[in-house]
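To start, the structure under review is shown below, and the notes come after it.
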Amino acid sequence: MNQPICYYIPAHVLANINLARAKDLSEPGSLQQSAKVSEAFRQRRRQAGTAALTPAPPSAGPTRVPASSGTRSHSVPVTRGSSALAPAAIPAGLTTPIPGTHARLIYDDQNQWAFDLVDVRNEDDPALPGQNVNLAYDALGATLEFYREVLGRNSIDNLGLNLDANVNYGVDFDNAFWDGTRMVFGNGDGNIFQDFTKDVDVPGHELTHGVTQFTAGLQYSDQPGALNEATSDIFGACVDARVNHQDAGSFNWLIGEGIMAPQLYGEALRSMAYPGTAYDNSVMGRDPQPATMAGYVPGGDPHVNSGIINRWFYLMATDLGMDEAAKIWYATLQNLWPTAQFADTAQVAAAQARILARAGTVPSRAPQTVRGTAREQGII
């Protein structure tokens, strides 16, 4: 299966920031490096897609990313496959997790462009002085709890898959991602973005890409890609609200507001309630997300068209309740397929709402709410 590398900060945001910075700085900075690393992984994803039906050649080692003047070169590491299930060695003093126990393994990449350098905290180990280690550990724990207690799911694969999470990846890396086996969090540059563990919806978002991988396997292009991204925003938001003891009426429905550096306080990456309004400034540009199908971009970036689905979920949740809408969306996800379109999803969601309503799990009006909000979005 061709698993996409799913980034938290989309390419168009990094491009806008780099354009703004290029006008003010004489030397390339960390944001350009972040964009290069992100693009290198995206190229690998596209190459994997075209080679999916042919035998893979022997690995030649890490892909080198050329360095710009004034910057260091770095390697884009090769994914380790199933090694996220259990590390080769556990340092003395750390708990040794048993595979399949939804254990959390947190690695410190020590600002290197490589994964899993030092295992620093595993399941049931005490907190450490490094704040982002503990934030990642706690956020992943909250996400696992949400999936277990609200949706009845046991980790990413529903079989207790242990979690491999990396902090301090790269130098001022302005992104976070799921690469098919692990979650990776950069520190941010401190000017535009802060450490990517500072907002609980970031780990929730990235872990959910793994859930989508093991359920619908949605392709990462056009409408299936937008559904993929929206699903991560949806469940990331649900975890965020749950951690902060909020419901659909009190939650701010913003994605990524907690990673904004002080100069961009009040901005966010996406607004689920009002797509297209999350940010509008000289550094990041203007939020391009459409709110309804009237603004749909054919073949557009999954991070752009996902706004249509995000707002659909927001409308469902404000009528039915956040957990109730999450249960409908999860049942829908489990019954989708890699090439599912928005209209397919609306039909499946209405059918699953009917099943859940009959069981008394969601309100009896849920099928009408699903169909009505889908029509309001122009999906059907």
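Chain lettering (A, B, ...) mirrors the order of the structure tokens, residue numbering begins at 1 for each chain separately, and ligand numbering begins at 1 in order of display.
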Neighbours of stretch 254-264 of chain A within 8 Å (only C-alpha atoms; same-chain residues fewer than 3 positions away dropped), as a compact mmCIF listing (two decimals) with C-alpha atoms, in the first residue's frame?
# COMPACT_ATOMS: atom_id res chain seq x y z
CA GLY A 190 10.11 30.31 17.29
CA ASN A 191 9.13 33.17 14.97
CA ILE A 192 6.22 31.74 12.99
CA PHE A 193 5.62 28.39 14.67
CA GLN A 194 6.40 27.03 18.11
CA ASP A 195 7.17 23.43 19.04
CA PHE A 196 4.58 21.21 17.38
CA THR A 197 3.78 19.39 20.60
CA LYS A 198 2.34 22.58 22.14
CA ASP A 199 -1.12 22.02 20.63
CA ASP A 201 -4.59 18.59 18.18
CA VAL A 202 -1.23 18.13 16.35
CA ASP A 233 -8.67 17.60 11.72
CA ALA A 237 -10.36 18.68 17.28
CA GLU A 267 -4.12 33.16 14.00
CA ALA A 268 -4.59 29.44 13.25
CA LEU A 269 -3.96 27.03 10.39
CA ARG A 270 -7.59 26.18 9.74
CA SER A 271 -11.03 27.10 11.03
CA MET A 272 -13.55 24.27 10.94
CA ALA A 273 -16.44 26.63 11.64
CA ALA A 278 -8.06 31.01 9.93
If we count only C-alpha atoms and set the cut-off at 9 Å, which residues sit around A:Ala343, ignoring sequence neighbours fewer than 4 positions away in its own chain? Please answer as a CSV table (one decimal) with N, CA and C atoms, in the first residue's frame.
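Result went into around16.csv, see below:
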chain,number,residue,atom,x,y,z
A,347,GLN,N,-23.6,9.7,1.5
A,347,GLN,CA,-24.5,8.5,1.5
A,347,GLN,C,-24.2,7.5,2.6
A,348,VAL,N,-22.9,7.2,2.8
A,348,VAL,CA,-22.5,6.3,3.8
A,348,VAL,C,-22.7,6.9,5.2
A,374,ALA,N,-25.1,18.1,4.8
A,374,ALA,CA,-24.4,17.8,3.5
A,374,ALA,C,-25.0,18.6,2.4
A,379,ILE,N,-22.7,19.3,-0.9
A,379,ILE,CA,-22.1,18.0,-1.2
A,379,ILE,C,-23.0,17.0,-1.9
A,380,ILE,N,-24.3,17.1,-1.6
A,380,ILE,CA,-25.3,16.3,-2.3
A,380,ILE,C,-26.4,17.2,-2.8
Within 10 Å of A:Arg371 using only C-alpha atoms, minus same-chain residues under 5 positions, as a PDB file with C-alpha atoms, in the first residue's frame:
ATOM      1  CA  MET A 316     -23.275  18.018  12.449  1.00  0.00           C
ATOM      2  CA  ALA A 346     -22.560  11.629   2.496  1.00  0.00           C
ATOM      3  CA  GLN A 347     -24.525   8.520   1.536  1.00  0.00           C
ATOM      4  CA  ALA A 349     -22.668   8.766   6.680  1.00  0.00           C
ATOM      5  CA  ALA A 350     -26.461   8.964   6.446  1.00  0.00           C
ATOM      6  CA  ALA A 351     -26.703   5.163   6.421  1.00  0.00           C
ATOM      7  CA  ALA A 353     -26.319   7.575  11.261  1.00  0.00           C
ATOM      8  CA  ALA A 366     -29.139  12.099  13.128  1.00  0.00           C
ATOM      9  CA  GLU A 376     -26.034  22.906   3.089  1.00  0.00           C
ATOM     10  CA  GLN A 377     -22.408  22.286   2.109  1.00  0.00           C
ATOM     11  CA  ILE A 379     -22.052  17.962  -1.189  1.00  0.00           C
ATOM     12  CA  ILE A 380     -25.305  16.314  -2.305  1.00  0.00           C
TER      13      ILE A 380
END
Å distance separating atom CA of A:Gly285 from atom CA of A:Val297, one decimal place: 17.9 Å
Between atom CA of A:Phe185 and atom CA of A:Pro126, what is the spacing in Å? 20.6 Å
Give me the residues near A:Ala241 as an MDAnalysis selection string, where near means some atom within 7 Å (using only C-alpha atoms) and where sequence neighbours in that chain fewer than 5 positions away do not count. chainID A and resid 246:247 251
How would the residues just picked look written out with N, CA and C atoms as a PDB file, in the first residue's frame?
ATOM      1  N   GLN A 246     -14.444  20.784  26.868  1.00  0.00           N
ATOM      2  CA  GLN A 246     -15.345  21.615  26.078  1.00  0.00           C
ATOM      3  C   GLN A 246     -16.239  20.754  25.210  1.00  0.00           C
ATOM      4  N   ASP A 247     -17.335  21.348  24.749  1.00  0.00           N
ATOM      5  CA  ASP A 247     -18.236  20.652  23.841  1.00  0.00           C
ATOM      6  C   ASP A 247     -18.336  21.456  22.548  1.00  0.00           C
ATOM      7  N   PHE A 251     -16.195  24.968  22.171  1.00  0.00           N
ATOM      8  CA  PHE A 251     -14.911  24.764  21.503  1.00  0.00           C
ATOM      9  C   PHE A 251     -14.711  25.829  20.431  1.00  0.00           C
TER      10      PHE A 251
END
Residue nearest A:Asp222 - candidates A:Tyr7, A:Trp337, A:Trp113, A:Tyr296, atoms counted: only C-alpha atoms: A:Tyr296
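With only C-alpha atoms taken into account, the protein and nucleic acid residues at most 6 Å from A:Ile156 (excluding it and anything under 2 positions from it in its own chain) are Asn158, Gly210 and Val211 of chain A.
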Please, could you write that set of residues out with C-alpha atoms as a PDB file, in the first residue's frame?
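The resulting part.pdb:
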ATOM      1  CA  ASN A 158      -7.357  -1.468  16.508  1.00  0.00           C
ATOM      2  CA  GLY A 210      -2.520   6.236  10.907  1.00  0.00           C
ATOM      3  CA  VAL A 211      -6.113   5.292  11.764  1.00  0.00           C
TER       4      VAL A 211
END
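Between atom CA of A:Val283 and atom CA of A:Gly307 the interatomic distance comes to 21.1 Å.
Nearest to A:Pro338 of all the residues A:Ala325, A:Ala165, A:Ala226, A:Ala127 is A:Ala226, counting only C-alpha atoms.
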Looking only at helix (DSSP H, G or I) from DSSP on the backbone, list the matching residues of stretch 183-297 of chain A as a PyMOL selection string. chain A and resi 201-214+222-243+257-259+262-264+293-295
Could you dump the residues just selected with N, CA and C atoms as a short mmCIF file (atom, residue, chain, number, x, y, z; two decimals), in the first residue's frame?
data_model
loop_
_atom_site.label_atom_id
_atom_site.label_comp_id
_atom_site.auth_asym_id
_atom_site.auth_seq_id
_atom_site.Cartn_x
_atom_site.Cartn_y
_atom_site.Cartn_z
N ASP A 201 -3.97 19.11 19.40
CA ASP A 201 -4.59 18.59 18.18
C ASP A 201 -3.55 18.18 17.13
N VAL A 202 -2.25 18.56 17.31
CA VAL A 202 -1.23 18.13 16.35
C VAL A 202 -0.96 16.63 16.48
N PRO A 203 -0.60 16.11 17.67
CA PRO A 203 -0.47 14.65 17.80
C PRO A 203 -1.78 13.92 17.47
N GLY A 204 -2.92 14.50 17.87
CA GLY A 204 -4.19 13.86 17.54
C GLY A 204 -4.40 13.77 16.05
N HIS A 205 -4.04 14.84 15.34
CA HIS A 205 -4.16 14.88 13.88
C HIS A 205 -3.28 13.82 13.23
N GLU A 206 -2.01 13.78 13.63
CA GLU A 206 -1.06 12.87 12.98
C GLU A 206 -1.37 11.41 13.30
N LEU A 207 -1.73 11.11 14.54
CA LEU A 207 -2.10 9.72 14.87
C LEU A 207 -3.29 9.28 14.03
N THR A 208 -4.22 10.21 13.79
CA THR A 208 -5.42 9.86 13.02
C THR A 208 -5.09 9.51 11.58
N HIS A 209 -4.03 10.08 11.02
CA HIS A 209 -3.62 9.65 9.68
C HIS A 209 -3.31 8.15 9.69
N GLY A 210 -2.76 7.67 10.79
CA GLY A 210 -2.52 6.24 10.91
C GLY A 210 -3.82 5.45 10.97
N VAL A 211 -4.81 5.96 11.69
CA VAL A 211 -6.11 5.29 11.76
C VAL A 211 -6.74 5.21 10.37
N THR A 212 -6.68 6.31 9.63
CA THR A 212 -7.21 6.30 8.27
C THR A 212 -6.47 5.29 7.40
N GLN A 213 -5.15 5.20 7.58
CA GLN A 213 -4.35 4.23 6.84
C GLN A 213 -4.85 2.80 7.08
N PHE A 214 -5.22 2.50 8.32
CA PHE A 214 -5.63 1.13 8.67
C PHE A 214 -7.12 0.89 8.49
N ASP A 222 -7.02 14.83 -4.44
CA ASP A 222 -8.36 15.31 -4.74
C ASP A 222 -9.33 15.03 -3.59
N GLN A 223 -10.53 14.51 -3.86
CA GLN A 223 -11.54 14.37 -2.81
C GLN A 223 -11.16 13.33 -1.75
N PRO A 224 -10.63 12.15 -2.11
CA PRO A 224 -10.20 11.23 -1.05
C PRO A 224 -9.12 11.85 -0.16
N GLY A 225 -8.21 12.63 -0.76
CA GLY A 225 -7.17 13.29 0.03
C GLY A 225 -7.75 14.32 0.98
N ALA A 226 -8.76 15.06 0.51
CA ALA A 226 -9.41 16.05 1.37
C ALA A 226 -10.15 15.36 2.51
N LEU A 227 -10.77 14.22 2.23
CA LEU A 227 -11.42 13.44 3.29
C LEU A 227 -10.39 12.94 4.30
N ASN A 228 -9.22 12.55 3.80
CA ASN A 228 -8.13 12.08 4.67
C ASN A 228 -7.71 13.20 5.62
N GLU A 229 -7.43 14.39 5.07
CA GLU A 229 -7.01 15.51 5.90
C GLU A 229 -8.11 15.96 6.86
N ALA A 230 -9.35 16.00 6.37
CA ALA A 230 -10.45 16.43 7.22
C ALA A 230 -10.64 15.47 8.39
N THR A 231 -10.48 14.18 8.15
CA THR A 231 -10.64 13.20 9.22
C THR A 231 -9.62 13.46 10.33
N SER A 232 -8.40 13.80 9.96
CA SER A 232 -7.39 14.10 10.98
C SER A 232 -7.73 15.38 11.73
N ASP A 233 -8.24 16.39 11.02
CA ASP A 233 -8.67 17.60 11.72
C ASP A 233 -9.85 17.32 12.64
N ILE A 234 -10.78 16.51 12.17
CA ILE A 234 -11.99 16.20 12.94
C ILE A 234 -11.65 15.53 14.26
N PHE A 235 -10.89 14.46 14.21
CA PHE A 235 -10.60 13.74 15.45
C PHE A 235 -9.55 14.47 16.29
N GLY A 236 -8.65 15.21 15.64
CA GLY A 236 -7.73 16.06 16.40
C GLY A 236 -8.49 17.10 17.19
N ALA A 237 -9.53 17.70 16.59
CA ALA A 237 -10.36 18.68 17.28
C ALA A 237 -11.14 18.04 18.42
N CYS A 238 -11.64 16.84 18.19
CA CYS A 238 -12.40 16.14 19.24
C CYS A 238 -11.52 15.87 20.46
N VAL A 239 -10.27 15.47 20.21
CA VAL A 239 -9.34 15.24 21.31
C VAL A 239 -9.06 16.55 22.04
N ASP A 240 -8.81 17.61 21.30
CA ASP A 240 -8.54 18.93 21.88
C ASP A 240 -9.69 19.37 22.78
N ALA A 241 -10.91 19.26 22.29
CA ALA A 241 -12.08 19.66 23.07
C ALA A 241 -12.22 18.80 24.32
N ARG A 242 -11.98 17.51 24.18
CA ARG A 242 -12.12 16.60 25.32
C ARG A 242 -11.09 16.92 26.41
N VAL A 243 -9.85 17.19 26.01
CA VAL A 243 -8.80 17.51 26.97
C VAL A 243 -9.13 18.80 27.73
N GLU A 257 -3.96 26.61 16.41
CA GLU A 257 -3.75 27.92 17.02
C GLU A 257 -2.68 27.88 18.11
N GLY A 258 -2.48 26.71 18.72
CA GLY A 258 -1.52 26.59 19.82
C GLY A 258 -0.07 26.54 19.40
N ILE A 259 0.20 26.37 18.10
CA ILE A 259 1.60 26.33 17.64
C ILE A 259 2.04 27.67 17.08
N PRO A 262 4.35 33.94 19.28
CA PRO A 262 3.68 35.13 19.83
C PRO A 262 3.30 36.19 18.82
N GLN A 263 4.12 36.45 17.80
CA GLN A 263 3.80 37.51 16.86
C GLN A 263 2.58 37.18 16.00
N LEU A 264 2.19 35.91 15.96
CA LEU A 264 1.00 35.52 15.20
C LEU A 264 -0.11 35.00 16.13
N MET A 293 -19.00 23.65 -1.35
CA MET A 293 -18.65 23.15 -2.68
C MET A 293 -18.65 24.26 -3.73
N ALA A 294 -19.25 25.39 -3.43
CA ALA A 294 -19.23 26.52 -4.37
C ALA A 294 -17.81 26.99 -4.62
N GLY A 295 -16.92 26.78 -3.65
CA GLY A 295 -15.53 27.19 -3.80
C GLY A 295 -14.57 26.04 -4.03
#
Residues of stretch 218-315 of chain A classed as strand (DSSP E or B) by DSSP on the backbone are to be reported as a ChimeraX atom specification. /A:254-255,260,270-271,280-281,285-286
With distances taken over only C-alpha atoms, the candidate from A:Lys327, A:Gly378, A:Gly276, A:Leu333 nearest A:Gly360 is A:Lys327
Here is a test: counting only C-alpha atoms, which residue of A:Leu159, A:Ile98, A:Val167, A:Ala331 is nearest to A:Leu117? A:Val167
I want to know what sits within 7 Å of A:Gly170, based on only C-alpha atoms, with residues of the same chain fewer than 5 positions away left out; could you give that as a PyMOL selection string? chain A and resi 111-113+186
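Using only C-alpha atoms for every distance, the candidate list A:Asn132, A:Asn16, A:Thr339, A:Gln334 yields A:Gln334 as the residue closest to A:Asp157.
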